[in-house]
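Here is the structure we will look at.
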Amino acid sequence: MRGGAMRGGAMRSTPIGIAAALFAAFAWSANFLVPFVLGRYSIFDLALIRFTVAGLLCTLFVALRGRDAAAPSGRDWLLTLWLGIIGYLGYFLALAGSALYAGPLIAPAIIGLVPVVLAAAGNLTERTLPWRVLALPLALVTLGLVLVAPPRNSLDAPPSLPVGVSCALAAVALWTWFGLLNQRALARRPGMDAGLWTALIMIGAAAGALLLAPLGFALRLMRMAELGLTWQPAAALYAWGCGLALLASIGGAWAWTVAAQRLPVALAAQLVVMESVFGALLGLLVHRRWPTLAEIGGMLTLVLGVVLAIRAFELRRPRIR
């Protein structure tokens, strides 16, 4: 962050920011499981349930804050509405689509380009570190992604690789946009409560899901009307919708807000690469197989890149030449 966000006491909170970013990465990796657990329902059905539940809980949280807390401004509401739509609703649909069409390993690897793109974009605007210092960690992250995603998928052939890759690239673009916009917004609001900011973003995502639901029904992208919402056919939909609302939506968003308030954007971007590692491991678990040597090497390389990035920021010099 710019200004005083990374000075003095903020540096002592760096371990908290790192832990929060890692938790967010783990929480978000659960999104990669969605296409394999929904049965006959679609990801659009799950998105409506998930973000409606998250939005209701967050609305209750905002209402219970009482008059003692500072009320968000109209600009805060508009900005978080947009952040919720692009960073959570849009990103989730693109990510789930990539996992559905590109397979459980290729999708996480392409999504793993997010920290590379976000780190480069963040350091370009903030100049947190000289590029020569970031070169090795970024190179290791890129090499790890190549190793985790071999040229040929060793699992079942993906239904449509071009569609899956397109969805993954869309997810990369959406998350990069969200990451930079969210970081700048928080930099202009140093006193913003992480819980309130998270709640506003989730309410924005819920509003976007509800606004787009009629279009989803009209285009037959949602199967609720056809399959019904009684417990027997929709049990998995309810369970995953509520679970992801609590873990990935609220928990992940809150943790990322905590991390964004304590870490420069380039470091936070390096840490979110762990989402791809966790996602690949969960994909292997679903398909009940062990990773190959190349996949193990890729994951270890990714972790090494993250560790080197953390060390680079902790030992960074006060002046950049």
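Residue numbers start at 1 in each chain; chains themselves are named A, B, ... in the order of the structure tokens; ligands are numbered from 1 in the order shown.
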
Please provide as a PyMOL selection string all residues within 8 Å of range 55-64 of chain A, with the sequence filter that same-chain residues fewer than 2 positions apart are discarded (counting only C-alpha atoms).
chain A and resi 51-53+66+196+199-200+202-207

For the residues selected in the previous step, produce a file with C-alpha atoms as an mmCIF file, in the first residue's frame.
```
data_model
loop_
_atom_site.group_PDB
_atom_site.id
_atom_site.type_symbol
_atom_site.label_atom_id
_atom_site.label_comp_id
_atom_site.auth_asym_id
_atom_site.auth_seq_id
_atom_site.Cartn_x
_atom_site.Cartn_y
_atom_site.Cartn_z
ATOM 1 C CA PHE A 51 -24.278 -15.284 -2.922
ATOM 2 C CA THR A 52 -27.861 -14.823 -1.693
ATOM 3 C CA VAL A 53 -26.977 -16.607 1.547
ATOM 4 C CA GLY A 66 -25.659 -0.186 15.213
ATOM 5 C CA LEU A 196 -17.657 -3.989 7.130
ATOM 6 C CA ALA A 199 -19.880 -7.374 4.107
ATOM 7 C CA LEU A 200 -20.431 -4.581 1.597
ATOM 8 C CA MET A 202 -20.710 -9.666 -0.428
ATOM 9 C CA ILE A 203 -23.938 -7.644 -0.492
ATOM 10 C CA GLY A 204 -22.803 -6.315 -3.867
ATOM 11 C CA ALA A 205 -22.224 -9.853 -5.161
ATOM 12 C CA ALA A 206 -25.668 -10.919 -3.905
ATOM 13 C CA ALA A 207 -27.319 -7.944 -5.582
#
```

Using the chain letters and numbers from this document, which residues of range 182-266 of chain A does DSSP assign to helix (DSSP H, G or I), as a PyMOL selection string?
chain A and resi 182-187+194-218+224-227+231-262+265-266

List as an MDAnalysis selection string the protein and nucleic acid residues near Leu33 in chain A, meaning an atom at most 12 Å away when only C-alpha atoms are counted, but skip any in the same chain fewer than 6 places from it.
chainID A and resid 27 39 43 92 95:100 103:105 107:108 240 244 248 278:287

Based on the selection just made, write N, CA and C atoms of those residues as a PDB file, in the first residue's frame.
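The result, stored in result08.pdb:
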```pdb
ATOM      1  N   ALA A  27      -9.508 -21.062   1.071  1.00  0.00           N
ATOM      2  CA  ALA A  27     -10.965 -20.960   1.007  1.00  0.00           C
ATOM      3  C   ALA A  27     -11.443 -20.896  -0.435  1.00  0.00           C
ATOM      4  N   GLY A  39     -24.139 -32.328  -9.350  1.00  0.00           N
ATOM      5  CA  GLY A  39     -25.098 -33.196 -10.002  1.00  0.00           C
ATOM      6  C   GLY A  39     -25.705 -32.530 -11.222  1.00  0.00           C
ATOM      7  N   ILE A  43     -23.812 -24.279 -12.337  1.00  0.00           N
ATOM      8  CA  ILE A  43     -23.038 -23.366 -11.505  1.00  0.00           C
ATOM      9  C   ILE A  43     -23.794 -22.056 -11.295  1.00  0.00           C
ATOM     10  N   PHE A  92     -16.187 -16.167  -9.801  1.00  0.00           N
ATOM     11  CA  PHE A  92     -16.619 -17.523  -9.465  1.00  0.00           C
ATOM     12  C   PHE A  92     -17.175 -18.247 -10.678  1.00  0.00           C
ATOM     13  N   LEU A  95     -14.279 -19.053 -13.034  1.00  0.00           N
ATOM     14  CA  LEU A  95     -13.419 -20.101 -12.489  1.00  0.00           C
ATOM     15  C   LEU A  95     -14.094 -21.470 -12.562  1.00  0.00           C
ATOM     16  N   ALA A  96     -15.359 -21.534 -12.135  1.00  0.00           N
ATOM     17  CA  ALA A  96     -16.073 -22.808 -12.181  1.00  0.00           C
ATOM     18  C   ALA A  96     -16.210 -23.300 -13.611  1.00  0.00           C
ATOM     19  N   GLY A  97     -16.453 -22.373 -14.545  1.00  0.00           N
ATOM     20  CA  GLY A  97     -16.530 -22.767 -15.949  1.00  0.00           C
ATOM     21  C   GLY A  97     -15.218 -23.321 -16.467  1.00  0.00           C
ATOM     22  N   SER A  98     -14.102 -22.737 -16.022  1.00  0.00           N
ATOM     23  CA  SER A  98     -12.801 -23.241 -16.459  1.00  0.00           C
ATOM     24  C   SER A  98     -12.546 -24.643 -15.926  1.00  0.00           C
ATOM     25  N   ALA A  99     -12.929 -24.892 -14.668  1.00  0.00           N
ATOM     26  CA  ALA A  99     -12.749 -26.227 -14.103  1.00  0.00           C
ATOM     27  C   ALA A  99     -13.648 -27.244 -14.801  1.00  0.00           C
ATOM     28  N   LEU A 100     -14.848 -26.812 -15.189  1.00  0.00           N
ATOM     29  CA  LEU A 100     -15.794 -27.711 -15.838  1.00  0.00           C
ATOM     30  C   LEU A 100     -15.332 -28.105 -17.232  1.00  0.00           C
ATOM     31  N   GLY A 103     -10.828 -29.063 -17.101  1.00  0.00           N
ATOM     32  CA  GLY A 103     -10.318 -30.133 -16.260  1.00  0.00           C
ATOM     33  C   GLY A 103      -9.774 -29.618 -14.934  1.00  0.00           C
ATOM     34  N   PRO A 104      -9.549 -30.518 -13.973  1.00  0.00           N
ATOM     35  CA  PRO A 104      -9.189 -30.131 -12.607  1.00  0.00           C
ATOM     36  C   PRO A 104      -7.749 -29.682 -12.421  1.00  0.00           C
ATOM     37  N   LEU A 105      -6.859 -29.912 -13.387  1.00  0.00           N
ATOM     38  CA  LEU A 105      -5.465 -29.482 -13.224  1.00  0.00           C
ATOM     39  C   LEU A 105      -5.105 -28.306 -14.127  1.00  0.00           C
ATOM     40  N   ALA A 107      -7.143 -26.008 -15.271  1.00  0.00           N
ATOM     41  CA  ALA A 107      -7.825 -24.803 -14.794  1.00  0.00           C
ATOM     42  C   ALA A 107      -7.070 -24.127 -13.646  1.00  0.00           C
ATOM     43  N   PRO A 108      -6.692 -24.853 -12.570  1.00  0.00           N
ATOM     44  CA  PRO A 108      -5.938 -24.177 -11.504  1.00  0.00           C
ATOM     45  C   PRO A 108      -4.619 -23.587 -11.989  1.00  0.00           C
ATOM     46  N   TRP A 240     -23.527 -27.112  -0.527  1.00  0.00           N
ATOM     47  CA  TRP A 240     -22.384 -26.424  -1.116  1.00  0.00           C
ATOM     48  C   TRP A 240     -22.619 -24.922  -1.206  1.00  0.00           C
ATOM     49  N   LEU A 244     -19.973 -22.736   0.769  1.00  0.00           N
ATOM     50  CA  LEU A 244     -19.134 -21.774   0.051  1.00  0.00           C
ATOM     51  C   LEU A 244     -19.443 -20.340   0.454  1.00  0.00           C
ATOM     52  N   ALA A 248     -15.784 -19.636   1.420  1.00  0.00           N
ATOM     53  CA  ALA A 248     -15.123 -18.943   0.315  1.00  0.00           C
ATOM     54  C   ALA A 248     -15.569 -17.492   0.182  1.00  0.00           C
ATOM     55  N   PHE A 278      -3.623 -25.489  -3.836  1.00  0.00           N
ATOM     56  CA  PHE A 278      -4.725 -26.121  -3.113  1.00  0.00           C
ATOM     57  C   PHE A 278      -5.771 -26.666  -4.085  1.00  0.00           C
ATOM     58  N   GLY A 279      -6.071 -25.893  -5.141  1.00  0.00           N
ATOM     59  CA  GLY A 279      -7.056 -26.344  -6.112  1.00  0.00           C
ATOM     60  C   GLY A 279      -6.620 -27.607  -6.840  1.00  0.00           C
ATOM     61  N   ALA A 280      -5.333 -27.685  -7.202  1.00  0.00           N
ATOM     62  CA  ALA A 280      -4.820 -28.886  -7.868  1.00  0.00           C
ATOM     63  C   ALA A 280      -4.888 -30.098  -6.938  1.00  0.00           C
ATOM     64  N   LEU A 281      -4.549 -29.888  -5.676  1.00  0.00           N
ATOM     65  CA  LEU A 281      -4.608 -30.995  -4.712  1.00  0.00           C
ATOM     66  C   LEU A 281      -6.038 -31.483  -4.520  1.00  0.00           C
ATOM     67  N   LEU A 282      -6.984 -30.555  -4.430  1.00  0.00           N
ATOM     68  CA  LEU A 282      -8.384 -30.952  -4.291  1.00  0.00           C
ATOM     69  C   LEU A 282      -8.872 -31.679  -5.540  1.00  0.00           C
ATOM     70  N   GLY A 283      -8.420 -31.224  -6.725  1.00  0.00           N
ATOM     71  CA  GLY A 283      -8.796 -31.899  -7.954  1.00  0.00           C
ATOM     72  C   GLY A 283      -8.271 -33.325  -7.997  1.00  0.00           C
ATOM     73  N   LEU A 284      -7.036 -33.518  -7.549  1.00  0.00           N
ATOM     74  CA  LEU A 284      -6.474 -34.864  -7.485  1.00  0.00           C
ATOM     75  C   LEU A 284      -7.237 -35.727  -6.485  1.00  0.00           C
ATOM     76  N   LEU A 285      -7.659 -35.107  -5.376  1.00  0.00           N
ATOM     77  CA  LEU A 285      -8.415 -35.850  -4.369  1.00  0.00           C
ATOM     78  C   LEU A 285      -9.744 -36.326  -4.930  1.00  0.00           C
ATOM     79  N   VAL A 286     -10.431 -35.476  -5.665  1.00  0.00           N
ATOM     80  CA  VAL A 286     -11.715 -35.849  -6.255  1.00  0.00           C
ATOM     81  C   VAL A 286     -11.544 -37.012  -7.220  1.00  0.00           C
ATOM     82  N   HIS A 287     -10.436 -36.983  -7.986  1.00  0.00           N
ATOM     83  CA  HIS A 287     -10.196 -38.040  -8.977  1.00  0.00           C
ATOM     84  C   HIS A 287      -9.422 -39.222  -8.401  1.00  0.00           C
TER      85      HIS A 287
END
```

Using 10 Å as the limit and counting only C-alpha atoms, can you tabulate each residue of range 39-121 of chain A that touches range 129-147 of chain A, with its shortest atom-to-atom distance in Å and the two atoms involved, as a Markdown table?
```
| residue | atom | partner | partner_atom | distance |
| --- | --- | --- | --- | --- |
| A:Ile106 | CA | A:Leu145 | CA | 9.4 |
| A:Pro108 | CA | A:Leu145 | CA | 8.8 |
| A:Ala109 | CA | A:Leu145 | CA | 5.4 |
| A:Ile110 | CA | A:Leu145 | CA | 7.6 |
| A:Ile111 | CA | A:Leu145 | CA | 9.4 |
| A:Gly112 | CA | A:Leu145 | CA | 6.8 |
| A:Leu113 | CA | A:Thr142 | CA | 7.7 |
| A:Pro115 | CA | A:Val141 | CA | 8.6 |
| A:Val116 | CA | A:Leu138 | CA | 6.4 |
| A:Val117 | CA | A:Leu138 | CA | 9.7 |
| A:Ala119 | CA | A:Leu138 | CA | 8.4 |
| A:Ala120 | CA | A:Trp131 | CA | 8.8 |
```

Write the residues you've just listed into a file as a short mmCIF file (atom, residue, chain, number, x, y, z; two decimals), in the first residue's frame, and include N, CA and C atoms for each of them.
```cif
data_model
loop_
_atom_site.label_atom_id
_atom_site.label_comp_id
_atom_site.auth_asym_id
_atom_site.auth_seq_id
_atom_site.Cartn_x
_atom_site.Cartn_y
_atom_site.Cartn_z
N ILE A 106 -5.60 -28.32 -15.36
CA ILE A 106 -5.29 -27.22 -16.27
C ILE A 106 -5.91 -25.92 -15.78
N PRO A 108 -6.69 -24.85 -12.57
CA PRO A 108 -5.94 -24.18 -11.50
C PRO A 108 -4.62 -23.59 -11.99
N ALA A 109 -3.97 -24.26 -12.94
CA ALA A 109 -2.69 -23.75 -13.42
C ALA A 109 -2.86 -22.42 -14.14
N ILE A 110 -3.89 -22.31 -14.98
CA ILE A 110 -4.11 -21.05 -15.70
C ILE A 110 -4.57 -19.96 -14.73
N ILE A 111 -5.44 -20.32 -13.79
CA ILE A 111 -5.86 -19.35 -12.77
C ILE A 111 -4.64 -18.88 -11.98
N GLY A 112 -3.63 -19.74 -11.89
CA GLY A 112 -2.41 -19.37 -11.18
C GLY A 112 -1.65 -18.23 -11.82
N LEU A 113 -2.02 -17.86 -13.06
CA LEU A 113 -1.41 -16.69 -13.68
C LEU A 113 -1.82 -15.39 -12.98
N PRO A 115 -1.54 -14.31 -9.78
CA PRO A 115 -0.51 -13.62 -8.99
C PRO A 115 0.62 -13.06 -9.83
N VAL A 116 0.95 -13.72 -10.95
CA VAL A 116 2.00 -13.20 -11.82
C VAL A 116 1.55 -11.87 -12.44
N VAL A 117 0.33 -11.86 -12.98
CA VAL A 117 -0.20 -10.65 -13.60
C VAL A 117 -0.42 -9.56 -12.56
N ALA A 119 0.97 -9.24 -9.55
CA ALA A 119 2.23 -8.76 -8.98
C ALA A 119 2.90 -7.77 -9.92
N ALA A 120 2.92 -8.09 -11.22
CA ALA A 120 3.54 -7.19 -12.18
C ALA A 120 2.79 -5.87 -12.26
#
```

Just checking: using only C-alpha atoms, which residue out of A:Thr176, A:Ser160, A:Ser29, A:Gln261 ends up closest to Pro190 in chain A?
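Ranked by minimum distance to Pro190 in chain A, first place goes to A:Gln261.
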
Distance CA of Pro291 in chain A-CA of Pro162 in chain A, one decimal place?
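Going from CA of Pro291 in chain A over to CA of Pro162 in chain A, I get 24.1 Å.
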
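Nearest-residue note for Leu89 in chain A: choosing from A:Tyr41, A:Phe23, A:Trp175, A:Trp231, the minimum distance belongs to A:Trp175, counting only C-alpha atoms.
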
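Nearest to Leu219 in chain A of all the residues A:Trp197, A:Phe44, A:Tyr238, A:Gly243 is A:Phe44, counting only C-alpha atoms.
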
Calculated over only C-alpha atoms, which of the candidates A:Ile16, A:Ala102, A:Leu302, A:Val114 has the smallest distance to Ser166 in chain A?
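Among the listed residues, the smallest separation from Ser166 in chain A belongs to A:Ala102.
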
Between A:Gly297, A:Arg262, A:Ala121, A:Asp45, which residue has the minimum interatomic distance to Leu227 in chain A, considering only C-alpha atoms?
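Going through A:Gly297, A:Arg262, A:Ala121, A:Asp45 one by one, the smallest distance to Leu227 in chain A is for A:Asp45.
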
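Closest approach to Ala187 in chain A among A:Ala260, A:Leu78, A:Val37, A:Leu293 is made by A:Ala260 (distances from only C-alpha atoms).
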
Leaving out Pro214 in chain A and any residue of its chain fewer than 6 positions from it, which residues lie within 12 Å of it when counting only C-alpha atoms, given as an NGL selection string?
:A and (44-45 or 48 or 208 or 220-222 or 224-225)
